[in-house]
Amino acid sequence: MLRLSGLLATSFLLSTSRAQDAKFAADNLKYSRDFYSKIHFVAIANLDFGPGGRAEFKYDRYPDAGPERIQTGDGEFARKDGKTWLRSNDWDETGKPVDAQTSKRLNNWVGLIDARLNGEPASNDRAKARQS
């Protein structure tokens with residue numbers, strides 16, 4: 001009986017420790033999201049889709065629904081207030097709207113950056129990545 005109570009106490013301490021670690025991680029993640037929502041944020045991404053190719057881009061975002069910009073080998077794109085993406089090299093001051101396929105690709109890239117900032121788990125399973 002003594003061994004069993006020692007085992008239960010150890011299990012309780014470990015589960016309490018894990019809960020504290022999870023809360024600590026969640027608190028830190030919330031702080032990071034709050035911090036990055038208030039500054040000019042820049043992400044440089046290198047995506048490898050295996051046989052599907054690669055994508056490399058730089059994403060800039062200003063706070064408070066400010067302008068966004070993506071720079072890639074295909075050109076420079078920008079939008080303000082989450083509206084239409086333009087092919088623009090002056091932060092959406094001038095430019096022409098992109099086609100639907102390019103808009104979807106740019107929105108997907110922004111979604112990948114946002115997912116990482118929100119702490120959503122990434123999958124190394126390429127089959128899953130191609131399905132989404």
# chains A, B, ... in the order shown; residues from 1 in each chain; ligands from 1

call {"tool": "residues_around", "arguments": {"residues": "Gly75 of chain A", "least_positions_apart": "2", "cutoff": "9 Å", "atoms": "only C-alpha atoms", "output": "list of chain:residue names"}}
result
A:Ile70, A:Gln71, A:Thr72, A:Gly73, A:Phe77, A:Arg87, A:Ser88, A:Asn89

call {"tool": "residues_around", "arguments": {"residues": "Lys30 of chain A", "least_positions_apart": "5", "cutoff": "12 Å", "atoms": "only C-alpha atoms", "output": "list in words"}}
result
Lys23, Phe24, Ala25, Phe35, Tyr36, Ser37, Leu117, Asn118 and Gly119 of chain A

call {"tool": "atom_distance", "arguments": {"atom1": "atom CA of Leu47 of chain A", "atom2": "atom CA of Gly82 of chain A"}}
result
23.0 Å

call {"tool": "atom_distance", "arguments": {"atom1": "atom CA of Trp109 of chain A", "atom2": "atom CA of Thr84 of chain A"}}
result
14.9 Å

call {"tool": "closest_residue", "arguments": {"among": "A:Tyr59, A:Phe49, A:His40, A:Arg54", "to": "Gly111 of chain A", "atoms": "only C-alpha atoms"}}
result
A:Tyr59

call {"tool": "closest_residue", "arguments": {"among": "A:Asp99, A:Val110, A:Trp85, A:Asp64", "to": "Ile44 of chain A", "atoms": "only C-alpha atoms"}}
result
A:Val110

call {"tool": "select_by_dssp", "arguments": {"residues": "segment 7-119 of chain A", "states": "strand (DSSP E or B)", "output": "PyMOL selection string"}}
result
chain A and resi 41-48+54-61+68-72+75-79+86-87+96-97

call {"tool": "write_last_selection", "arguments": {"atoms": "N, CA and C atoms", "output": "compact mmCIF listing (two decimals), in the first residue's frame"}}
result
# COMPACT_ATOMS: atom_id res chain seq x y z
N PHE A 41 5.61 43.73 -38.12
CA PHE A 41 6.00 42.33 -38.07
C PHE A 41 6.54 41.92 -39.44
N VAL A 42 7.66 41.20 -39.44
CA VAL A 42 8.25 40.69 -40.68
C VAL A 42 8.54 39.21 -40.51
N ALA A 43 8.11 38.42 -41.49
CA ALA A 43 8.42 36.98 -41.50
C ALA A 43 9.06 36.64 -42.83
N ILE A 44 10.11 35.85 -42.78
CA ILE A 44 10.74 35.34 -44.00
C ILE A 44 10.49 33.85 -44.02
N ALA A 45 9.82 33.39 -45.06
CA ALA A 45 9.40 31.99 -45.12
C ALA A 45 10.05 31.27 -46.29
N ASN A 46 10.45 30.04 -46.01
CA ASN A 46 10.96 29.12 -47.03
C ASN A 46 10.16 27.84 -46.89
N LEU A 47 9.26 27.59 -47.82
CA LEU A 47 8.39 26.42 -47.76
C LEU A 47 8.85 25.39 -48.77
N ASP A 48 8.94 24.14 -48.33
CA ASP A 48 9.34 23.05 -49.21
C ASP A 48 8.17 22.09 -49.33
N ARG A 54 8.91 24.64 -54.25
CA ARG A 54 9.26 25.46 -53.10
C ARG A 54 8.60 26.83 -53.24
N ALA A 55 8.45 27.50 -52.12
CA ALA A 55 7.97 28.88 -52.12
C ALA A 55 8.81 29.64 -51.09
N GLU A 56 9.32 30.76 -51.52
CA GLU A 56 10.08 31.63 -50.63
C GLU A 56 9.49 33.02 -50.72
N PHE A 57 9.24 33.63 -49.56
CA PHE A 57 8.66 34.97 -49.57
C PHE A 57 8.96 35.70 -48.28
N LYS A 58 8.82 37.00 -48.34
CA LYS A 58 8.94 37.86 -47.17
C LYS A 58 7.57 38.51 -46.97
N TYR A 59 7.08 38.46 -45.74
CA TYR A 59 5.77 39.01 -45.40
C TYR A 59 5.95 40.11 -44.37
N ASP A 60 5.42 41.30 -44.66
CA ASP A 60 5.43 42.44 -43.74
C ASP A 60 3.99 42.77 -43.37
N ARG A 61 3.79 43.14 -42.11
CA ARG A 61 2.46 43.57 -41.67
C ARG A 61 2.62 44.66 -40.62
N GLU A 68 -0.26 45.35 -45.59
CA GLU A 68 0.50 44.10 -45.64
C GLU A 68 1.23 44.06 -46.96
N ARG A 69 2.37 43.38 -46.97
CA ARG A 69 3.13 43.25 -48.20
C ARG A 69 3.77 41.87 -48.24
N ILE A 70 3.76 41.28 -49.44
CA ILE A 70 4.48 40.03 -49.68
C ILE A 70 5.43 40.27 -50.85
N GLN A 71 6.70 39.96 -50.60
CA GLN A 71 7.71 40.04 -51.65
C GLN A 71 8.15 38.63 -51.97
N THR A 72 8.12 38.30 -53.25
CA THR A 72 8.48 36.97 -53.70
C THR A 72 9.17 37.09 -55.05
N GLY A 75 7.20 38.81 -57.75
CA GLY A 75 6.90 40.23 -57.68
C GLY A 75 6.60 40.67 -56.26
N GLU A 76 6.01 41.83 -56.17
CA GLU A 76 5.67 42.43 -54.88
C GLU A 76 4.17 42.70 -54.87
N PHE A 77 3.54 42.33 -53.74
CA PHE A 77 2.08 42.43 -53.62
C PHE A 77 1.76 43.13 -52.31
N ALA A 78 0.67 43.90 -52.30
CA ALA A 78 0.30 44.62 -51.08
C ALA A 78 -1.21 44.75 -51.01
N ARG A 79 -1.69 44.94 -49.78
CA ARG A 79 -3.11 45.23 -49.56
C ARG A 79 -3.24 46.03 -48.27
N LEU A 86 -2.97 43.78 -54.47
CA LEU A 86 -2.53 44.44 -55.69
C LEU A 86 -1.09 44.06 -55.98
N ARG A 87 -0.76 43.96 -57.26
CA ARG A 87 0.66 43.86 -57.63
C ARG A 87 1.17 45.29 -57.50
N LYS A 96 -2.21 47.04 -59.73
CA LYS A 96 -3.35 46.39 -60.35
C LYS A 96 -3.75 45.17 -59.52
N PRO A 97 -5.06 44.91 -59.40
CA PRO A 97 -5.50 43.72 -58.65
C PRO A 97 -4.95 42.44 -59.26
